[in-house]
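Source file: coords18.cif. Holds: mmCIF, C-alpha atoms and all ligand atoms.
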data_structure
#
loop_
_atom_site.label_atom_id
_atom_site.label_comp_id
_atom_site.auth_asym_id
_atom_site.auth_seq_id
_atom_site.Cartn_x
_atom_site.Cartn_y
_atom_site.Cartn_z
CA MET A 24 119.04 108.92 88.62
CA LYS A 25 118.03 109.91 92.14
CA ASN A 26 116.04 107.41 94.16
CA ALA A 27 114.08 107.91 97.37
CA PHE A 28 115.72 106.58 100.52
CA THR A 29 113.19 106.17 103.31
CA VAL A 30 113.58 105.17 106.96
CA ASP A 31 110.56 104.09 109.00
CA VAL A 32 111.49 105.35 112.47
CA GLU A 33 110.17 102.84 115.01
CA ASP A 34 111.53 100.54 117.70
CA TYR A 35 111.98 96.76 117.38
CA TYR A 36 109.00 96.11 119.66
CA HIS A 37 106.57 98.21 117.56
CA VAL A 38 106.65 95.90 114.52
CA SER A 39 103.57 94.07 113.28
CA ALA A 40 105.47 90.77 113.30
CA PHE A 41 105.50 90.93 117.13
CA SER A 42 102.06 92.47 117.69
CA GLY A 43 100.67 89.04 118.62
CA VAL A 44 103.18 88.60 121.47
CA ILE A 45 103.78 92.22 122.61
CA SER A 46 100.69 94.26 123.40
CA THR A 47 100.77 98.03 122.95
CA LYS A 48 100.41 98.63 126.69
CA ASP A 49 103.58 96.60 127.35
CA TRP A 50 105.76 98.75 125.04
CA VAL A 51 106.93 100.76 128.07
CA LYS A 52 108.54 97.62 129.53
CA TYR A 53 110.99 97.29 126.63
CA GLU A 54 114.34 99.03 126.30
CA SER A 55 114.11 101.73 123.62
CA ARG A 56 116.94 101.52 121.09
CA VAL A 57 115.51 103.69 118.34
CA GLU A 58 117.59 106.78 119.16
CA ASN A 59 120.97 105.02 118.99
CA ASN A 60 119.99 103.09 115.89
CA THR A 61 118.69 106.17 114.08
CA ASN A 62 121.89 108.03 114.98
CA LYS A 63 123.87 105.17 113.46
CA ILE A 64 121.92 105.56 110.19
CA LEU A 65 122.36 109.37 110.29
CA ASP A 66 126.13 108.92 110.62
CA ILE A 67 126.19 106.57 107.63
CA PHE A 68 124.09 108.99 105.55
CA SER A 69 126.38 111.88 106.39
CA LYS A 70 129.43 109.80 105.37
CA TYR A 71 127.94 109.36 101.87
CA ASN A 72 126.32 112.82 101.85
CA ILE A 73 122.85 111.34 101.35
CA LYS A 74 119.52 112.97 102.20
CA ALA A 75 116.54 110.78 102.99
CA THR A 76 112.94 110.85 104.16
CA PHE A 77 112.27 109.66 107.70
CA PHE A 78 108.70 108.43 108.26
CA VAL A 79 108.47 108.88 112.02
CA LEU A 80 106.03 107.17 114.36
CA GLY A 81 104.19 109.77 116.47
CA CYS A 82 104.75 107.86 119.72
CA VAL A 83 108.50 107.78 119.00
CA ALA A 84 108.60 111.51 118.21
CA GLU A 85 106.82 112.32 121.48
CA LYS A 86 109.56 110.58 123.47
CA ASN A 87 112.50 111.68 121.29
CA PRO A 88 111.87 115.26 120.09
CA ASN A 89 115.59 116.06 120.02
CA LEU A 90 116.26 113.17 117.69
CA ILE A 91 113.55 114.34 115.28
CA ASN A 92 114.92 117.86 115.35
CA LYS A 93 118.40 116.55 114.66
CA ILE A 94 117.21 114.53 111.64
CA SER A 95 115.50 117.64 110.26
CA LYS A 96 118.48 119.93 110.98
CA GLU A 97 120.76 117.55 109.07
CA GLY A 98 118.69 118.30 105.95
CA HIS A 99 116.51 115.20 105.82
CA GLU A 100 112.76 115.24 105.29
CA ILE A 101 110.44 114.35 108.18
CA ALA A 102 107.21 112.58 107.24
CA SER A 103 104.59 110.61 109.18
CA HIS A 104 104.45 106.89 109.98
CA GLY A 105 101.18 107.36 111.91
CA TYR A 106 100.95 107.40 115.69
CA SER A 107 100.73 103.91 117.16
CA HIS A 108 101.74 101.50 114.38
CA GLN A 109 98.36 99.80 114.09
CA LEU A 110 97.25 98.22 110.80
CA ILE A 111 94.98 100.75 109.05
CA TYR A 112 92.50 98.14 107.79
CA ASN A 113 91.88 97.15 111.43
CA GLN A 114 91.14 100.75 112.47
CA SER A 115 87.94 102.75 112.16
CA ALA A 116 88.05 105.83 109.93
CA LYS A 117 87.49 107.94 113.06
CA LEU A 118 90.45 106.48 114.93
CA PHE A 119 92.64 106.64 111.83
CA ARG A 120 91.87 110.35 111.45
CA GLU A 121 92.55 111.04 115.14
CA GLU A 122 95.92 109.28 115.05
CA THR A 123 96.89 110.85 111.74
CA VAL A 124 96.15 114.38 112.96
CA ARG A 125 97.86 113.69 116.28
CA SER A 126 101.09 112.40 114.73
CA LYS A 127 101.19 115.23 112.16
CA LYS A 128 100.82 117.86 114.91
CA ILE A 129 103.51 116.27 117.07
CA LEU A 130 105.99 116.30 114.19
CA GLU A 131 105.10 119.82 113.00
CA ASN A 132 105.42 121.19 116.54
CA ILE A 133 108.92 119.73 116.78
CA ILE A 134 110.34 120.75 113.40
CA GLN A 135 108.17 123.82 112.73
CA LYS A 136 107.62 122.76 109.11
CA PRO A 137 104.59 121.23 107.38
CA ILE A 138 104.52 117.42 107.08
CA LYS A 139 103.63 116.36 103.54
CA GLY A 140 104.28 112.62 103.33
CA TYR A 141 102.69 109.57 104.92
CA ARG A 142 103.49 105.87 105.19
CA ALA A 143 101.10 103.47 106.90
CA ALA A 144 102.31 100.87 109.42
CA SER A 145 103.21 97.71 107.48
CA TYR A 146 101.99 99.22 104.17
CA SER A 147 98.45 98.61 105.45
CA ILE A 148 96.62 100.67 102.85
CA THR A 149 94.97 97.88 100.88
CA SER A 150 91.63 97.40 99.11
CA LYS A 151 90.10 97.19 102.63
CA SER A 152 91.42 100.60 103.69
CA GLU A 153 91.49 102.79 100.58
CA TRP A 154 89.19 105.21 102.45
CA ALA A 155 92.27 106.26 104.43
CA LEU A 156 93.64 108.09 101.39
CA ASP A 157 90.76 110.58 101.47
CA ILE A 158 91.51 111.31 105.10
CA LEU A 159 95.17 111.92 104.22
CA VAL A 160 94.15 114.45 101.55
CA GLU A 161 91.69 116.15 103.92
CA GLU A 162 94.37 116.43 106.60
CA GLY A 163 96.84 118.12 104.26
CA PHE A 164 99.12 115.33 103.08
CA GLU A 165 100.48 115.69 99.54
CA TYR A 166 101.89 112.24 98.98
CA ASP A 167 101.58 108.72 100.30
CA SER A 168 103.98 105.79 100.15
CA SER A 169 101.96 102.97 101.70
CA ILE A 170 100.90 100.83 98.76
CA PHE A 171 102.92 97.70 98.08
CA PRO A 172 101.82 96.36 94.67
CA VAL A 173 102.45 92.70 95.58
CA LYS A 174 100.64 89.76 97.17
CA HIS A 175 101.48 89.30 100.86
CA ASP A 176 99.60 87.99 103.90
CA ARG A 177 99.69 91.35 105.73
CA TYR A 178 99.71 93.95 102.94
CA GLY A 179 99.56 94.44 99.19
CA MET A 180 97.48 95.67 96.27
CA PRO A 181 98.78 93.42 93.49
CA ASN A 182 97.04 95.36 90.71
CA ALA A 183 98.16 98.85 91.77
CA PRO A 184 100.57 100.81 89.51
CA LYS A 185 104.27 100.16 90.10
CA LEU A 186 105.62 103.70 89.61
CA PRO A 187 104.79 107.12 91.13
CA TYR A 188 101.29 108.17 90.03
CA LYS A 189 98.46 110.52 90.77
CA LEU A 190 95.97 108.39 92.64
CA LYS A 191 92.24 109.15 92.43
CA THR A 192 90.64 108.40 95.77
CA ILE A 193 87.16 106.99 96.43
CA GLU A 194 85.83 110.51 97.08
CA GLY A 195 87.43 111.87 93.90
CA ASN A 196 90.38 113.60 95.56
CA SER A 197 93.88 113.09 94.27
CA ILE A 198 97.13 112.34 96.06
CA ILE A 199 100.55 111.38 94.73
CA GLU A 200 101.37 107.75 95.47
CA PHE A 201 104.93 106.44 95.44
CA PRO A 202 104.38 102.68 95.63
CA LEU A 203 107.05 100.42 97.14
CA SER A 204 109.34 99.25 94.36
CA THR A 205 109.07 95.91 92.60
CA LEU A 206 110.89 94.25 89.73
CA ASN A 207 108.81 92.73 86.97
CA ILE A 208 110.11 89.21 86.37
CA PHE A 209 108.12 87.08 83.89
CA GLY A 210 105.01 89.14 84.65
CA PHE A 211 105.44 88.70 88.39
CA ALA A 212 106.08 91.72 90.65
CA LEU A 213 108.96 90.84 92.96
CA PRO A 214 109.45 93.16 95.96
CA VAL A 215 113.00 94.52 95.86
CA ALA A 216 112.47 97.64 97.92
CA GLY A 217 114.47 97.10 101.09
CA GLY A 218 113.76 95.91 104.63
CA GLY A 219 113.34 92.14 104.92
CA TYR A 220 113.88 91.71 101.16
CA PHE A 221 117.20 93.57 101.35
CA ARG A 222 118.28 91.22 104.12
CA LEU A 223 116.94 88.12 102.35
CA TYR A 224 118.50 88.47 98.87
CA PRO A 225 122.24 88.48 98.27
CA TYR A 226 123.31 92.10 97.74
CA ALA A 227 124.29 91.34 94.11
CA PHE A 228 120.65 90.52 93.38
CA THR A 229 119.38 93.72 95.01
CA ARG A 230 121.87 95.72 92.96
CA PHE A 231 120.80 93.94 89.75
CA ALA A 232 117.10 94.57 90.46
CA LEU A 233 117.50 98.24 91.41
CA ASN A 234 119.79 98.88 88.42
CA LYS A 235 117.15 97.39 86.18
CA ILE A 236 114.55 99.84 87.52
CA ASN A 237 116.90 102.81 87.02
CA LYS A 238 117.82 101.63 83.50
CA GLY A 239 114.14 101.86 82.64
CA ASN A 240 114.55 105.55 83.55
CA ASN A 241 112.49 105.16 86.72
CA PRO A 242 113.37 105.96 90.34
CA PHE A 243 112.88 103.37 93.06
CA VAL A 244 112.02 103.80 96.71
CA PHE A 245 114.18 102.00 99.24
CA TYR A 246 113.16 101.51 102.89
CA LEU A 247 114.93 100.50 106.06
CA HIS A 248 114.16 100.51 109.80
CA PRO A 249 116.53 101.62 112.56
CA TRP A 250 116.26 98.17 114.21
CA GLU A 251 117.66 96.56 111.05
CA VAL A 252 121.14 97.92 111.80
CA ASP A 253 120.98 96.58 115.38
CA PRO A 254 121.86 92.87 115.43
CA ASP A 255 122.27 92.96 119.22
CA GLN A 256 118.68 93.99 120.00
CA PRO A 257 116.79 91.89 122.60
CA LYS A 258 115.38 88.71 121.07
CA ILE A 259 111.58 88.40 121.23
CA LYS A 260 109.99 84.96 121.55
CA ALA A 261 107.57 84.88 118.63
CA GLY A 262 106.45 82.42 115.95
CA LYS A 263 108.92 81.00 113.45
CA LEU A 264 107.81 83.14 110.47
CA SER A 265 107.79 86.35 112.52
CA ARG A 266 111.26 85.61 113.89
CA PHE A 267 112.55 84.87 110.40
CA ARG A 268 111.12 88.11 109.01
CA HIS A 269 112.55 90.20 111.82
CA TYR A 270 115.94 88.59 112.51
CA ASN A 271 117.04 87.13 109.17
CA ASN A 272 120.51 88.42 108.18
CA LEU A 273 120.43 91.39 110.60
CA ARG A 274 124.20 91.09 110.88
CA LYS A 275 124.66 91.61 107.13
CA CYS A 276 122.43 94.67 106.87
CA GLU A 277 124.83 97.46 107.81
CA SER A 278 127.64 96.39 105.47
CA ARG A 279 125.11 95.96 102.63
CA LEU A 280 123.81 99.47 103.35
CA HIS A 281 127.31 100.86 102.72
CA GLU A 282 127.45 99.01 99.38
CA LEU A 283 124.02 100.32 98.39
CA LEU A 284 124.93 103.92 99.19
CA LYS A 285 128.10 103.62 97.09
CA ASP A 286 126.22 102.11 94.14
CA PHE A 287 123.12 104.33 93.87
CA GLU A 288 122.10 107.98 94.18
CA PHE A 289 119.50 108.94 96.76
CA ASP A 290 117.49 111.94 97.88
CA THR A 291 114.37 112.65 99.94
CA MET A 292 111.06 111.36 98.63
CA ALA A 293 109.73 114.92 98.23
CA ASN A 294 112.71 115.87 96.03
CA VAL A 295 112.54 112.69 93.95
CA LEU A 296 108.81 113.21 93.35
CA ASN A 297 109.45 116.83 92.38
CA ASP A 298 111.93 115.69 89.74
CA SER A 299 109.82 112.76 88.45
CA VAL A 300 107.21 112.39 85.80
CA ILE A 301 104.06 111.50 87.75
CA MET A 302 101.69 109.22 85.83
CA GLU A 303 98.14 110.56 85.69
ZN ZN B 1 106.57 100.49 110.50
#
Could you render the structure as structure tokens?
Ligand SMILES: [Zn+2]
Amino acid sequence: MKNAFTVDVEDYYHVSAFSGVISTKDWVKYESRVENNTNKILDIFSKYNIKATFFVLGCVAEKNPNLINKISKEGHEIASHGYSHQLIYNQSAKLFREETVRSKKILENIIQKPIKGYRAASYSITSKSEWALDILVEEGFEYDSSIFPVKHDRYGMPNAPKLPYKLKTIEGNSIIEFPLSTLNIFGFALPVAGGGYFRLYPYAFTRFALNKINKGNNPFVFYLHPWEVDPDQPKIKAGKLSRFRHYNNLRKCESRLHELLKDFEFDTMANVLNDSVIME
């Protein structure tokens, strides 16, 4: 069973957990580590012969076109993570459209291939920002992977479907949605999809949860960020919860990634969706 491996290509100072202490205009003052960290992930993927989807932030692509080209040349899929990593439900529809078009053009100009997939910053397509899905359809996206069907303070649509499905938008368009993976435990959807949850749970639990999804004959989507394989990144002074979410178990992440890649089969999101039954 092939699962989708996804990497959200951004730097440690772009994350929503630090947006209260690092303003967008100060990003230039921080040391960029995204290129080295992404190269580290590319090397690991090539060791296990794994292809993945890289959701790239437009502002990162602008500064690192060679990196984006390299990812694409190595056979991975390039998709969009928006332009400036702002929460969609805090943006106007006009600004969202401008940033979406801008990031898509930047990526397409670099790799000379159409961009089909989208993932919002911090999974910020929620009941407050469902309108964004119509804009994605209108701008030529074929699938989205921004909906986290859980309860969380920053994201989540707890009642959304848990498996890939054809989503009907407010305007009556349709787009394929690959929601972030959860495990149903006693009627409760537990996020088991990667990132902070991958670092939080012991690896044996992640393996158990992902195996359970695959045994139900369903693919899961796993996500990781380049900064999660960089335990030596500069430490940002932020609130306790934000620091926990960002720094917890960073040192364990890379070795767990090797285990994961040995235990499961992965491919790009586009390929996994092509091979999957999409619920209507
Ligand atoms: Zn992100």
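The contact shell of ligand ZN 1 (chain B), defined as all polymer residues within 6 Å when all atoms listed in the file are used, comprises Asp31, Ala144 and Ser145 of chain A.
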Worksheet item: For Leu110 in chain A, which residue out of A:Asn240, A:Gly98, A:Lys136, A:Thr149 is the nearest one, using all atoms listed in the file?
Response: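 So, comparing all the options, the nearest one is A:Thr149.
Across the structure, CA of Ile193 in chain A and CA of Leu118 in chain A are spaced 18.8 Å apart.
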Worksheet entry | Which of A:Gly43, A:Pro249, A:Gly81, A:Pro242 sits closest to Ser204 in chain A [using only C-alpha atoms] | A:Pro242
Worksheet item: In Å, with one decimal, what is the gap from CA of Pro88 in chain A to CA of Glu100 in chain A?
Response: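 Pair CA of Pro88 in chain A / CA of Glu100 in chain A returns 14.8 Å.
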Up to 12 Å from (116.6, 100.6, 123.9) in the file's coordinates: name the residues, counting only C-alpha atoms, as a PDB file with C-alpha atoms, in the coordinates of the input.
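Result saved to out_25.pdb:
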ATOM      1  CA  GLU A  33     110.170 102.840 115.010  1.00  0.00           C
ATOM      2  CA  ASP A  34     111.530 100.540 117.700  1.00  0.00           C
ATOM      3  CA  TYR A  35     111.980  96.760 117.380  1.00  0.00           C
ATOM      4  CA  TYR A  36     109.000  96.110 119.660  1.00  0.00           C
ATOM      5  CA  TRP A  50     105.760  98.750 125.040  1.00  0.00           C
ATOM      6  CA  VAL A  51     106.930 100.760 128.070  1.00  0.00           C
ATOM      7  CA  LYS A  52     108.540  97.620 129.530  1.00  0.00           C
ATOM      8  CA  TYR A  53     110.990  97.290 126.630  1.00  0.00           C
ATOM      9  CA  GLU A  54     114.340  99.030 126.300  1.00  0.00           C
ATOM     10  CA  SER A  55     114.110 101.730 123.620  1.00  0.00           C
ATOM     11  CA  ARG A  56     116.940 101.520 121.090  1.00  0.00           C
ATOM     12  CA  VAL A  57     115.510 103.690 118.340  1.00  0.00           C
ATOM     13  CA  GLU A  58     117.590 106.780 119.160  1.00  0.00           C
ATOM     14  CA  ASN A  59     120.970 105.020 118.990  1.00  0.00           C
ATOM     15  CA  ASN A  60     119.990 103.090 115.890  1.00  0.00           C
ATOM     16  CA  THR A  61     118.690 106.170 114.080  1.00  0.00           C
ATOM     17  CA  VAL A  83     108.500 107.780 119.000  1.00  0.00           C
ATOM     18  CA  PRO A 249     116.530 101.620 112.560  1.00  0.00           C
ATOM     19  CA  TRP A 250     116.260  98.170 114.210  1.00  0.00           C
ATOM     20  CA  ASP A 253     120.980  96.580 115.380  1.00  0.00           C
ATOM     21  CA  ASP A 255     122.270  92.960 119.220  1.00  0.00           C
ATOM     22  CA  GLN A 256     118.680  93.990 120.000  1.00  0.00           C
ATOM     23  CA  PRO A 257     116.790  91.890 122.600  1.00  0.00           C
TER      24      PRO A 257
END
Worksheet item: Which protein, DNA or RNA residues are at most 12 Å from (113.3, 93.0, 99.7) in the file's coordinates when you count all atoms listed in the file, listed as number ranges by chain?
Response: A: 171, 173, 203-206, 212-226, 228-230, 232-233, 244-247, 268, 271, 276
For Tyr188 in chain A: contacts at 8 Å, all atoms listed in the file, fewer than 3 positions along chain excluded, given as a PDB file with C-alpha atoms, keeping the file's coordinate frame:
ATOM      1  CA  PRO A 184     100.570 100.810  89.510  1.00  0.00           C
ATOM      2  CA  ILE A 199     100.550 111.380  94.730  1.00  0.00           C
ATOM      3  CA  GLU A 200     101.370 107.750  95.470  1.00  0.00           C
ATOM      4  CA  PHE A 201     104.930 106.440  95.440  1.00  0.00           C
ATOM      5  CA  ILE A 301     104.060 111.500  87.750  1.00  0.00           C
ATOM      6  CA  MET A 302     101.690 109.220  85.830  1.00  0.00           C
ATOM      7  CA  GLU A 303      98.140 110.560  85.690  1.00  0.00           C
TER       8      GLU A 303
END
Practice prompt. Figure out the distance between CA of Asn294 in chain A and CA of Val124 in chain A, please, to one decimal in Å.
Written response: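 Separation of CA of Val124 in chain A and CA of Asn294 in chain A: 23.7 Å.
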Worksheet item: With all atoms listed in the file as the basis for distance, which of A:Lys63, A:His104, A:His248, A:Lys74 is at the shortest distance from Leu90 in chain A?
Response: A:Lys63
Fill in: Residues near Glu97 in chain A, cut-off 10 Å, only C-alpha atoms, skip fewer than 5 positions along chain, as a list in words
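Listed by chain and then number, they are Leu65, Phe68, Ser69, Lys74 and Asn92 of chain A.
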Neighbouring residues of Glu85 in chain A were defined as those with any atom within 12 Å, considering only C-alpha atoms; residues of the same chain fewer than 4 positions away were excluded. Please report them as a compact mmCIF listing (two decimals) with C-alpha atoms, in the coordinates of the input.
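Result file out-v3.txt:
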# COMPACT_ATOMS: atom_id res chain seq x y z
CA GLU A 33 110.17 102.84 115.01
CA VAL A 79 108.47 108.88 112.02
CA LEU A 80 106.03 107.17 114.36
CA GLY A 81 104.19 109.77 116.47
CA ASN A 89 115.59 116.06 120.02
CA LEU A 90 116.26 113.17 117.69
CA ILE A 91 113.55 114.34 115.28
CA ASN A 92 114.92 117.86 115.35
CA TYR A 106 100.95 107.40 115.69
CA SER A 107 100.73 103.91 117.16
CA ARG A 125 97.86 113.69 116.28
CA SER A 126 101.09 112.40 114.73
CA LYS A 127 101.19 115.23 112.16
CA LYS A 128 100.82 117.86 114.91
CA ILE A 129 103.51 116.27 117.07
CA LEU A 130 105.99 116.30 114.19
CA GLU A 131 105.10 119.82 113.00
CA ASN A 132 105.42 121.19 116.54
CA ILE A 133 108.92 119.73 116.78
Fill in: Test item: residues at most 12 Å from Asp298 in chain A, only C-alpha atoms, excluding those fewer than 4 positions along its chain, as an NGL selection string
:A and (24-27 or 187 or 241-242 or 290-294)
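Residue nearest Arg177 in chain A within the list A:Ile208, A:Ile148, A:Val30, A:Ala155: A:Ile148 [criterion: smallest interatomic distance, all atoms listed in the file].
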Fill in: Counting only C-alpha atoms, the option among A:His175, A:Phe41, A:Ile111, A:Glu277 closest to Lys258 in chain A
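The answer is A:Phe41, which sits nearest to Lys258 in chain A.
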Need the axis-aligned box for range 96-107 of chain A with 8 Å each side, so what are the centre and edges in Å to one decimal, as JSON?
{"center_x": 110.7, "center_y": 111.9, "center_z": 111.2, "size_x": 36.0, "size_y": 32.0, "size_z": 27.9}
Fill in: Pick from A:Gly195, A:Leu264, A:Asn272, A:Asp286 nearest to Asn234 in chain A, counting all atoms listed in the file
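For Asn234 in chain A, the nearest of the given residues is A:Asp286.
Close contacts of Gly163 in chain A, defined as residues with an atom at most 12 Å away when counting only C-alpha atoms, with chain neighbours fewer than 2 positions off set aside, comprise Ser103, Arg120, Thr123, Val124, Lys127, Lys128, Pro137, Ile138, Lys139, Gly140, Tyr141, Leu156, Asp157, Ile158, Leu159, Val160, Glu161, Glu165, Tyr166, Asp167, Asn196, Ser197 and Ile198 of chain A.
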